[in-house]
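Peer 1: What follows is query01.txt; its format and atoms are compact mmCIF, N, CA and C atoms.
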```
# COMPACT_ATOMS: atom_id res chain seq x y z
N MET P 499 -38.08 5.74 8.07
CA MET P 499 -38.47 4.61 8.89
C MET P 499 -37.20 3.87 9.33
N GLU P 500 -37.01 3.74 10.60
CA GLU P 500 -35.87 3.04 11.17
C GLU P 500 -36.16 1.54 11.20
N GLY P 501 -35.14 0.76 11.03
CA GLY P 501 -35.31 -0.68 11.08
C GLY P 501 -34.05 -1.37 10.64
N PRO P 502 -34.08 -2.70 10.53
CA PRO P 502 -32.88 -3.45 10.18
C PRO P 502 -32.29 -3.05 8.83
N VAL P 503 -33.12 -2.79 7.85
CA VAL P 503 -32.63 -2.41 6.53
C VAL P 503 -31.95 -1.05 6.59
N HIS P 504 -32.55 -0.13 7.32
CA HIS P 504 -31.96 1.21 7.48
C HIS P 504 -30.61 1.10 8.19
N ASP P 505 -30.54 0.27 9.25
CA ASP P 505 -29.29 0.08 9.99
C ASP P 505 -28.21 -0.53 9.09
N MET P 506 -28.61 -1.50 8.27
CA MET P 506 -27.67 -2.14 7.36
C MET P 506 -27.15 -1.13 6.33
N ALA P 507 -28.04 -0.31 5.81
CA ALA P 507 -27.63 0.71 4.83
C ALA P 507 -26.71 1.73 5.48
N ALA P 508 -27.01 2.14 6.71
CA ALA P 508 -26.17 3.10 7.41
C ALA P 508 -24.79 2.51 7.69
N ASN P 509 -24.75 1.24 8.09
CA ASN P 509 -23.48 0.56 8.35
C ASN P 509 -22.66 0.44 7.06
N PHE P 510 -23.33 0.09 5.97
CA PHE P 510 -22.65 -0.01 4.68
C PHE P 510 -22.06 1.34 4.28
N LYS P 511 -22.84 2.39 4.44
CA LYS P 511 -22.37 3.73 4.10
C LYS P 511 -21.15 4.12 4.94
N GLN P 512 -21.20 3.80 6.22
CA GLN P 512 -20.07 4.13 7.10
C GLN P 512 -18.82 3.36 6.69
N ARG P 513 -18.96 2.07 6.41
CA ARG P 513 -17.80 1.26 6.00
C ARG P 513 -17.24 1.74 4.67
N LEU P 514 -18.13 2.14 3.76
CA LEU P 514 -17.67 2.67 2.47
C LEU P 514 -16.87 3.95 2.68
N GLU P 515 -17.34 4.83 3.55
CA GLU P 515 -16.61 6.06 3.84
C GLU P 515 -15.26 5.75 4.49
N GLU P 516 -15.23 4.76 5.37
CA GLU P 516 -13.97 4.34 5.99
C GLU P 516 -13.00 3.79 4.95
N LEU P 517 -13.52 3.00 4.02
CA LEU P 517 -12.68 2.44 2.96
C LEU P 517 -12.13 3.55 2.06
N GLN P 518 -12.97 4.52 1.73
CA GLN P 518 -12.50 5.64 0.90
C GLN P 518 -11.43 6.43 1.64
N GLN P 519 -11.58 6.62 2.93
CA GLN P 519 -10.56 7.32 3.72
C GLN P 519 -9.27 6.50 3.76
N LEU P 520 -9.41 5.19 3.91
CA LEU P 520 -8.23 4.32 3.89
C LEU P 520 -7.49 4.46 2.57
N GLN P 521 -8.21 4.47 1.46
CA GLN P 521 -7.58 4.62 0.15
C GLN P 521 -6.82 5.94 0.07
N ARG P 522 -7.41 7.01 0.58
CA ARG P 522 -6.72 8.31 0.57
C ARG P 522 -5.48 8.26 1.46
N ASN P 523 -5.61 7.66 2.62
CA ASN P 523 -4.48 7.58 3.54
C ASN P 523 -3.34 6.75 2.96
N VAL P 524 -3.67 5.63 2.35
CA VAL P 524 -2.63 4.79 1.73
C VAL P 524 -1.97 5.54 0.58
N ALA P 525 -2.75 6.25 -0.20
CA ALA P 525 -2.18 7.02 -1.31
C ALA P 525 -1.22 8.11 -0.81
N ASP P 526 -1.43 8.59 0.40
CA ASP P 526 -0.58 9.64 0.97
C ASP P 526 0.67 9.11 1.66
N VAL P 527 0.78 7.79 1.81
CA VAL P 527 1.94 7.21 2.49
C VAL P 527 3.20 7.55 1.71
N LYS P 528 4.23 7.92 2.43
CA LYS P 528 5.54 8.12 1.83
C LYS P 528 6.60 7.76 2.85
N ALA P 529 7.73 7.37 2.36
CA ALA P 529 8.85 7.02 3.22
C ALA P 529 10.13 7.54 2.58
N THR P 530 11.05 7.90 3.42
CA THR P 530 12.34 8.38 2.92
C THR P 530 13.46 7.50 3.46
N ALA P 531 14.51 7.47 2.70
CA ALA P 531 15.74 6.81 3.13
C ALA P 531 16.89 7.70 2.68
N ARG P 532 17.91 7.75 3.52
CA ARG P 532 19.06 8.59 3.17
C ARG P 532 20.35 7.91 3.58
N THR P 533 21.42 8.34 2.96
CA THR P 533 22.73 7.81 3.32
C THR P 533 23.09 8.31 4.71
N ARG P 534 24.05 7.66 5.34
CA ARG P 534 24.46 8.05 6.70
C ARG P 534 24.87 9.51 6.78
N ASN P 535 25.56 9.98 5.77
CA ASN P 535 26.03 11.37 5.79
C ASN P 535 24.99 12.34 5.22
N GLY P 536 23.88 11.81 4.73
CA GLY P 536 22.79 12.66 4.23
C GLY P 536 23.02 13.22 2.84
N ASP P 537 24.05 12.76 2.16
CA ASP P 537 24.35 13.28 0.83
C ASP P 537 23.33 12.87 -0.23
N VAL P 538 22.70 11.72 -0.03
CA VAL P 538 21.72 11.22 -1.00
C VAL P 538 20.48 10.81 -0.23
N TRP P 539 19.31 11.22 -0.72
CA TRP P 539 18.07 10.74 -0.12
C TRP P 539 17.00 10.59 -1.17
N VAL P 540 16.09 9.65 -0.88
CA VAL P 540 14.99 9.38 -1.79
C VAL P 540 13.69 9.36 -1.00
N GLU P 541 12.60 9.62 -1.70
CA GLU P 541 11.26 9.51 -1.12
C GLU P 541 10.42 8.68 -2.07
N VAL P 542 9.71 7.70 -1.50
CA VAL P 542 8.85 6.84 -2.31
C VAL P 542 7.44 6.85 -1.74
N GLY P 543 6.49 6.45 -2.60
CA GLY P 543 5.09 6.34 -2.19
C GLY P 543 4.77 4.95 -1.69
N SER P 544 3.50 4.73 -1.41
CA SER P 544 3.05 3.48 -0.79
C SER P 544 3.31 2.24 -1.62
N ARG P 545 3.44 2.40 -2.90
CA ARG P 545 3.71 1.24 -3.78
C ARG P 545 5.16 1.20 -4.22
N GLY P 546 5.99 1.98 -3.58
CA GLY P 546 7.41 2.00 -3.91
C GLY P 546 7.73 2.91 -5.08
N ASN P 547 6.75 3.70 -5.50
CA ASN P 547 7.00 4.61 -6.63
C ASN P 547 7.87 5.78 -6.16
N LEU P 548 8.89 6.08 -6.92
CA LEU P 548 9.83 7.14 -6.58
C LEU P 548 9.14 8.49 -6.72
N ARG P 549 9.14 9.27 -5.64
CA ARG P 549 8.52 10.60 -5.65
C ARG P 549 9.56 11.71 -5.72
N ASP P 550 10.71 11.47 -5.11
CA ASP P 550 11.73 12.51 -5.09
C ASP P 550 13.09 11.86 -4.87
N ILE P 551 14.08 12.50 -5.39
CA ILE P 551 15.46 12.06 -5.18
C ILE P 551 16.33 13.32 -5.14
N GLN P 552 17.21 13.35 -4.18
CA GLN P 552 18.11 14.50 -4.07
C GLN P 552 19.49 14.02 -3.65
N PHE P 553 20.46 14.71 -4.14
CA PHE P 553 21.83 14.43 -3.70
C PHE P 553 22.61 15.73 -3.71
N SER P 554 23.54 15.78 -2.79
CA SER P 554 24.33 17.00 -2.64
C SER P 554 25.45 17.03 -3.67
N PRO P 555 26.02 18.20 -3.91
CA PRO P 555 27.18 18.27 -4.81
C PRO P 555 28.34 17.40 -4.32
N GLN P 556 28.45 17.24 -2.99
CA GLN P 556 29.52 16.40 -2.45
C GLN P 556 29.35 14.94 -2.86
N ALA P 557 28.11 14.50 -2.99
CA ALA P 557 27.85 13.12 -3.39
C ALA P 557 28.44 12.86 -4.78
N LEU P 558 28.31 13.86 -5.65
CA LEU P 558 28.85 13.70 -7.00
C LEU P 558 30.38 13.68 -7.00
N LYS P 559 30.97 14.35 -6.04
CA LYS P 559 32.43 14.37 -5.95
C LYS P 559 32.97 13.11 -5.30
N ARG P 560 32.24 12.57 -4.33
CA ARG P 560 32.73 11.42 -3.56
C ARG P 560 32.47 10.08 -4.22
N MET P 561 31.45 10.02 -5.06
CA MET P 561 31.04 8.73 -5.62
C MET P 561 31.17 8.72 -7.14
N SER P 562 31.52 7.55 -7.64
CA SER P 562 31.48 7.37 -9.08
C SER P 562 30.02 7.23 -9.50
N ALA P 563 29.79 7.28 -10.80
CA ALA P 563 28.42 7.11 -11.30
C ALA P 563 27.86 5.76 -10.87
N GLN P 564 28.68 4.73 -10.91
CA GLN P 564 28.25 3.39 -10.53
C GLN P 564 27.92 3.34 -9.03
N GLN P 565 28.74 3.95 -8.19
CA GLN P 565 28.47 3.97 -6.75
C GLN P 565 27.19 4.74 -6.45
N LEU P 566 27.02 5.87 -7.14
CA LEU P 566 25.81 6.67 -6.93
C LEU P 566 24.57 5.89 -7.34
N THR P 567 24.64 5.21 -8.47
CA THR P 567 23.52 4.38 -8.93
C THR P 567 23.19 3.30 -7.92
N HIS P 568 24.22 2.59 -7.44
CA HIS P 568 24.02 1.53 -6.45
C HIS P 568 23.40 2.11 -5.18
N THR P 569 23.88 3.25 -4.73
CA THR P 569 23.36 3.89 -3.52
C THR P 569 21.90 4.26 -3.70
N ILE P 570 21.57 4.86 -4.83
CA ILE P 570 20.18 5.28 -5.10
C ILE P 570 19.25 4.07 -5.12
N LEU P 571 19.65 3.01 -5.79
CA LEU P 571 18.82 1.81 -5.86
C LEU P 571 18.63 1.18 -4.48
N ALA P 572 19.68 1.16 -3.68
CA ALA P 572 19.57 0.60 -2.33
C ALA P 572 18.64 1.45 -1.46
N LEU P 573 18.73 2.77 -1.59
CA LEU P 573 17.85 3.65 -0.82
C LEU P 573 16.39 3.51 -1.25
N ILE P 574 16.18 3.36 -2.55
CA ILE P 574 14.81 3.16 -3.05
C ILE P 574 14.23 1.86 -2.47
N ALA P 575 15.02 0.80 -2.46
CA ALA P 575 14.56 -0.48 -1.90
C ALA P 575 14.23 -0.33 -0.42
N GLU P 576 15.09 0.36 0.32
CA GLU P 576 14.87 0.57 1.76
C GLU P 576 13.59 1.38 2.02
N ALA P 577 13.45 2.48 1.31
CA ALA P 577 12.27 3.33 1.50
C ALA P 577 11.00 2.61 1.05
N SER P 578 11.10 1.83 -0.02
CA SER P 578 9.94 1.09 -0.51
C SER P 578 9.45 0.08 0.51
N GLU P 579 10.38 -0.59 1.17
CA GLU P 579 10.01 -1.55 2.20
C GLU P 579 9.28 -0.84 3.35
N GLN P 580 9.77 0.32 3.73
CA GLN P 580 9.11 1.09 4.80
C GLN P 580 7.70 1.52 4.37
N ALA P 581 7.60 2.06 3.17
CA ALA P 581 6.30 2.58 2.69
C ALA P 581 5.28 1.46 2.53
N THR P 582 5.69 0.36 1.93
CA THR P 582 4.72 -0.72 1.74
C THR P 582 4.34 -1.32 3.09
N GLY P 583 5.27 -1.34 4.04
CA GLY P 583 4.95 -1.82 5.38
C GLY P 583 3.91 -0.93 6.05
N GLN P 584 4.07 0.38 5.90
CA GLN P 584 3.08 1.31 6.46
C GLN P 584 1.71 1.10 5.81
N ALA P 585 1.70 0.98 4.49
CA ALA P 585 0.44 0.79 3.77
C ALA P 585 -0.22 -0.53 4.18
N LYS P 586 0.57 -1.58 4.34
CA LYS P 586 0.03 -2.87 4.77
C LYS P 586 -0.60 -2.77 6.15
N GLU P 587 0.08 -2.09 7.07
CA GLU P 587 -0.46 -1.96 8.43
C GLU P 587 -1.76 -1.16 8.42
N MET P 588 -1.83 -0.12 7.63
CA MET P 588 -3.05 0.67 7.53
C MET P 588 -4.19 -0.20 7.00
N THR P 589 -3.88 -0.98 5.97
CA THR P 589 -4.89 -1.84 5.36
C THR P 589 -5.28 -2.96 6.31
N ALA P 590 -4.30 -3.54 7.01
CA ALA P 590 -4.58 -4.63 7.93
C ALA P 590 -5.52 -4.19 9.05
N ALA P 591 -5.40 -2.95 9.48
CA ALA P 591 -6.26 -2.44 10.54
C ALA P 591 -7.72 -2.39 10.11
N PHE P 592 -7.95 -2.35 8.83
CA PHE P 592 -9.30 -2.27 8.28
C PHE P 592 -9.91 -3.66 8.08
N LEU P 593 -9.07 -4.68 8.03
CA LEU P 593 -9.52 -6.04 7.70
C LEU P 593 -9.87 -6.85 8.94
N PRO P 594 -10.67 -7.90 8.76
CA PRO P 594 -10.88 -8.85 9.86
C PRO P 594 -9.52 -9.48 10.25
N GLU P 595 -9.42 -9.94 11.48
CA GLU P 595 -8.14 -10.40 12.04
C GLU P 595 -7.44 -11.46 11.18
N GLU P 596 -8.19 -12.45 10.72
CA GLU P 596 -7.57 -13.53 9.93
C GLU P 596 -6.96 -12.98 8.63
N MET P 597 -7.68 -12.11 7.97
CA MET P 597 -7.18 -11.52 6.73
C MET P 597 -5.98 -10.61 7.03
N ALA P 598 -6.05 -9.87 8.11
CA ALA P 598 -4.94 -8.99 8.49
C ALA P 598 -3.68 -9.80 8.75
N ASP P 599 -3.82 -10.92 9.43
CA ASP P 599 -2.67 -11.78 9.70
C ASP P 599 -2.05 -12.30 8.41
N ARG P 600 -2.90 -12.70 7.46
CA ARG P 600 -2.39 -13.18 6.17
C ARG P 600 -1.67 -12.07 5.41
N LEU P 601 -2.22 -10.87 5.47
CA LEU P 601 -1.58 -9.73 4.81
C LEU P 601 -0.22 -9.46 5.44
N ARG P 602 -0.17 -9.43 6.75
CA ARG P 602 1.10 -9.20 7.45
C ARG P 602 2.11 -10.31 7.18
N ALA P 603 1.61 -11.52 6.94
CA ALA P 603 2.49 -12.67 6.66
C ALA P 603 3.03 -12.65 5.24
N GLY P 604 2.57 -11.70 4.44
CA GLY P 604 3.13 -11.58 3.10
C GLY P 604 2.19 -11.85 1.95
N GLU P 605 0.93 -12.11 2.23
CA GLU P 605 -0.02 -12.32 1.14
C GLU P 605 -0.05 -11.09 0.25
N GLN P 606 0.18 -11.28 -1.03
CA GLN P 606 0.23 -10.17 -1.98
C GLN P 606 -1.08 -9.93 -2.70
N ASP P 607 -1.83 -11.00 -2.90
CA ASP P 607 -3.05 -10.93 -3.69
C ASP P 607 -4.25 -10.77 -2.76
N LEU P 608 -4.78 -9.56 -2.65
CA LEU P 608 -5.92 -9.34 -1.76
C LEU P 608 -7.14 -10.14 -2.18
N MET P 609 -7.25 -10.47 -3.45
CA MET P 609 -8.39 -11.28 -3.90
C MET P 609 -8.29 -12.71 -3.36
N ALA P 610 -7.12 -13.12 -2.93
CA ALA P 610 -6.96 -14.46 -2.36
C ALA P 610 -7.72 -14.59 -1.04
N PHE P 611 -8.10 -13.47 -0.45
CA PHE P 611 -8.85 -13.50 0.80
C PHE P 611 -10.29 -13.95 0.61
N PHE P 612 -10.78 -13.84 -0.58
CA PHE P 612 -12.19 -14.10 -0.83
C PHE P 612 -12.36 -15.47 -1.46
N PRO P 613 -13.47 -16.14 -1.14
CA PRO P 613 -13.71 -17.44 -1.77
C PRO P 613 -13.96 -17.27 -3.26
N LYS P 614 -13.66 -18.32 -3.99
CA LYS P 614 -13.92 -18.28 -5.42
C LYS P 614 -15.43 -18.22 -5.66
N ALA P 615 -15.79 -17.51 -6.72
CA ALA P 615 -17.21 -17.40 -7.06
C ALA P 615 -17.74 -18.77 -7.47
N PRO P 616 -18.95 -19.08 -7.07
CA PRO P 616 -19.51 -20.37 -7.46
C PRO P 616 -19.77 -20.42 -8.96
N ARG P 617 -19.65 -21.60 -9.50
CA ARG P 617 -19.97 -21.77 -10.91
C ARG P 617 -21.46 -21.84 -11.06
N ILE P 618 -21.94 -21.16 -12.04
CA ILE P 618 -23.37 -21.17 -12.32
C ILE P 618 -23.58 -21.93 -13.62
N LEU P 619 -24.34 -22.98 -13.50
CA LEU P 619 -24.61 -23.79 -14.69
C LEU P 619 -25.71 -23.14 -15.50
N GLU P 620 -25.51 -23.15 -16.78
CA GLU P 620 -26.52 -22.59 -17.66
C GLU P 620 -27.43 -23.71 -18.17
N PHE P 621 -28.68 -23.45 -18.13
CA PHE P 621 -29.64 -24.41 -18.63
C PHE P 621 -30.29 -23.83 -19.87
N SER P 622 -30.36 -24.64 -20.89
CA SER P 622 -31.05 -24.17 -22.09
C SER P 622 -32.53 -24.50 -21.96
N GLN P 623 -33.31 -23.66 -22.60
CA GLN P 623 -34.76 -23.88 -22.56
C GLN P 623 -35.22 -24.41 -23.91
N ASP P 624 -34.92 -25.66 -24.15
CA ASP P 624 -35.31 -26.30 -25.41
C ASP P 624 -36.67 -26.88 -25.33
```
Would you write the structure of this file as structure tokens?
Peer 2:
Amino acid sequence: MEGPVHDMAANFKQRLEELQQLQRNVADVKATARTRNGDVWVEVGSRGNLRDIQFSPQALKRMSAQQLTHTILALIAEASEQATGQAKEMTAAFLPEEMADRLRAGEQDLMAFFPKAPRILEFSQD
């Protein structure tokens, strides 16, 4: 039987499938950063988690351990910024405009988008 309830259920199902696809897409986000000469490169996921790191034998010859460490950390930060930016944009496209703007502006807590739950007073039955 078609009707408003059926339409609402179909809409809910479609949005749920879209949200699940968004979660998969965000999980697949990755970004890379490399040195100018390409001797060192890193790949991170959508949350800045390190997925891969590679460096050439020349990198070990040209850089001290401290320089290599500094380079790796800087590349991870650069790639993380790219990856989280991609994930934010994907998520923002799914949200209503006001929420998307807040996310793009730097809102970190997605729960901040929602109103606080009302307090429910408990009544005793004495």
Peer 1: So which one's closest to Ala557 of chain P, P:Ser578, P:Arg545, P:Arg534, P:Val524? Using only C-alpha atoms, please.
Peer 2: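 Of P:Ser578, P:Arg545, P:Arg534, P:Val524, the one nearest Ala557 of chain P, counting only C-alpha atoms, is P:Arg534.
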Peer 1: Give me, as a list in words, all polymer residues having an atom no more than 7 Å from Gln580 of chain P, counting all atoms listed in the file and skipping those fewer than 5 positions away in the same chain.
Peer 2: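 So the residues in contact are Lys528, Ala529, Ala575 and Ala585 of chain P.
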Peer 1: How big is the axis-aligned box around the listed atoms of segment 592-606 of chain P once 5 Å is added on each side, and where is its centre? Give both in Å to one decimal, as lines of an AutoDock Vina configuration file.
Peer 2:
```
center_x = -3.9
center_y = -7.9
center_z = 4.7
size_x = 24.0
size_y = 21.3
size_z = 24.7
```
Peer 1: Segment 569-573 of chain P: which residues within 8 Å, counting all atoms listed in the file, same-chain residues fewer than 4 positions away excluded, as number ranges by chain?
Peer 2: P: 530-533, 538-542, 563-565, 577-579
Peer 1: Can you list every residue in chain P that DSSP puts in strand (DSSP E or B), as a PyMOL selection string?
Peer 2: chain P and resi 528-532+538-543+548-553
Peer 1: One decimal, Å: what's the distance from atom N of Gly536 of chain P over to atom CA of Phe553 of chain P, could you say?
Peer 2: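 Between these atoms lies a distance of 9.1 Å.
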Peer 1: Can you measure atom CA of Gln556 of chain P to atom C of Val527 of chain P for me? One decimal in Å is fine.
Peer 2: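 Distance between the two atoms: 28.1 Å.
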Peer 1: What does the structure give for the distance between atom CA of Thr582 of chain P and atom CA of Glu515 of chain P, in Å to one decimal?
Peer 2: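 Result for atom CA of Thr582 of chain P versus atom CA of Glu515 of chain P: 22.5 Å, one decimal.
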Peer 1: Output requested as a short mmCIF file (atom, residue, chain, number, x, y, z; two decimals), keeping the file's coordinate frame - segment 581-592 of chain P, filled out with all heavy atoms.
Peer 2:
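See result.cif below for the written result:
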```cif
data_model
loop_
_atom_site.label_atom_id
_atom_site.label_comp_id
_atom_site.auth_asym_id
_atom_site.auth_seq_id
_atom_site.Cartn_x
_atom_site.Cartn_y
_atom_site.Cartn_z
N ALA P 581 7.60 2.06 3.17
CA ALA P 581 6.30 2.58 2.69
C ALA P 581 5.28 1.46 2.53
O ALA P 581 4.12 1.61 2.94
CB ALA P 581 6.49 3.33 1.38
N THR P 582 5.69 0.36 1.93
CA THR P 582 4.72 -0.72 1.74
C THR P 582 4.34 -1.32 3.09
O THR P 582 3.20 -1.74 3.27
CB THR P 582 5.26 -1.81 0.79
OG1 THR P 582 6.52 -2.29 1.26
CG2 THR P 582 5.40 -1.30 -0.63
N GLY P 583 5.27 -1.34 4.04
CA GLY P 583 4.95 -1.82 5.38
C GLY P 583 3.91 -0.93 6.05
O GLY P 583 2.96 -1.43 6.68
N GLN P 584 4.07 0.38 5.90
CA GLN P 584 3.08 1.31 6.46
C GLN P 584 1.71 1.10 5.81
O GLN P 584 0.68 1.06 6.50
CB GLN P 584 3.52 2.76 6.23
CG GLN P 584 4.70 3.20 7.06
CD GLN P 584 5.14 4.61 6.67
OE1 GLN P 584 4.33 5.46 6.31
NE2 GLN P 584 6.43 4.85 6.74
N ALA P 585 1.70 0.98 4.49
CA ALA P 585 0.44 0.79 3.77
C ALA P 585 -0.22 -0.53 4.18
O ALA P 585 -1.45 -0.60 4.34
CB ALA P 585 0.67 0.83 2.27
N LYS P 586 0.57 -1.58 4.34
CA LYS P 586 0.03 -2.87 4.77
C LYS P 586 -0.60 -2.77 6.15
O LYS P 586 -1.67 -3.31 6.40
CB LYS P 586 1.13 -3.94 4.81
CG LYS P 586 1.30 -4.71 3.56
CD LYS P 586 2.29 -5.83 3.78
CE LYS P 586 2.54 -6.56 2.49
NZ LYS P 586 3.50 -7.64 2.65
N GLU P 587 0.08 -2.09 7.07
CA GLU P 587 -0.46 -1.96 8.43
C GLU P 587 -1.76 -1.16 8.42
O GLU P 587 -2.70 -1.50 9.15
CB GLU P 587 0.57 -1.31 9.36
CG GLU P 587 1.61 -2.27 9.86
CD GLU P 587 1.02 -3.50 10.55
OE1 GLU P 587 0.13 -3.37 11.41
OE2 GLU P 587 1.46 -4.62 10.21
N MET P 588 -1.83 -0.12 7.63
CA MET P 588 -3.05 0.67 7.53
C MET P 588 -4.19 -0.20 7.00
O MET P 588 -5.31 -0.15 7.49
CB MET P 588 -2.83 1.88 6.63
CG MET P 588 -1.85 2.88 7.20
SD MET P 588 -1.37 4.09 5.97
CE MET P 588 -2.64 5.31 6.22
N THR P 589 -3.88 -0.98 5.97
CA THR P 589 -4.89 -1.84 5.36
C THR P 589 -5.28 -2.96 6.31
O THR P 589 -6.46 -3.28 6.45
CB THR P 589 -4.35 -2.42 4.04
OG1 THR P 589 -3.96 -1.34 3.19
CG2 THR P 589 -5.39 -3.27 3.34
N ALA P 590 -4.30 -3.54 7.01
CA ALA P 590 -4.58 -4.63 7.93
C ALA P 590 -5.52 -4.19 9.05
O ALA P 590 -6.38 -4.96 9.49
CB ALA P 590 -3.28 -5.17 8.52
N ALA P 591 -5.40 -2.95 9.48
CA ALA P 591 -6.26 -2.44 10.54
C ALA P 591 -7.72 -2.39 10.11
O ALA P 591 -8.63 -2.41 10.94
CB ALA P 591 -5.79 -1.05 10.97
N PHE P 592 -7.95 -2.35 8.83
CA PHE P 592 -9.30 -2.27 8.28
C PHE P 592 -9.91 -3.66 8.08
O PHE P 592 -11.13 -3.79 8.00
CB PHE P 592 -9.24 -1.53 6.94
CG PHE P 592 -10.57 -1.27 6.32
CD1 PHE P 592 -11.37 -0.22 6.76
CD2 PHE P 592 -11.04 -2.05 5.27
CE1 PHE P 592 -12.61 0.03 6.18
CE2 PHE P 592 -12.27 -1.81 4.68
CZ PHE P 592 -13.06 -0.76 5.15
#
```
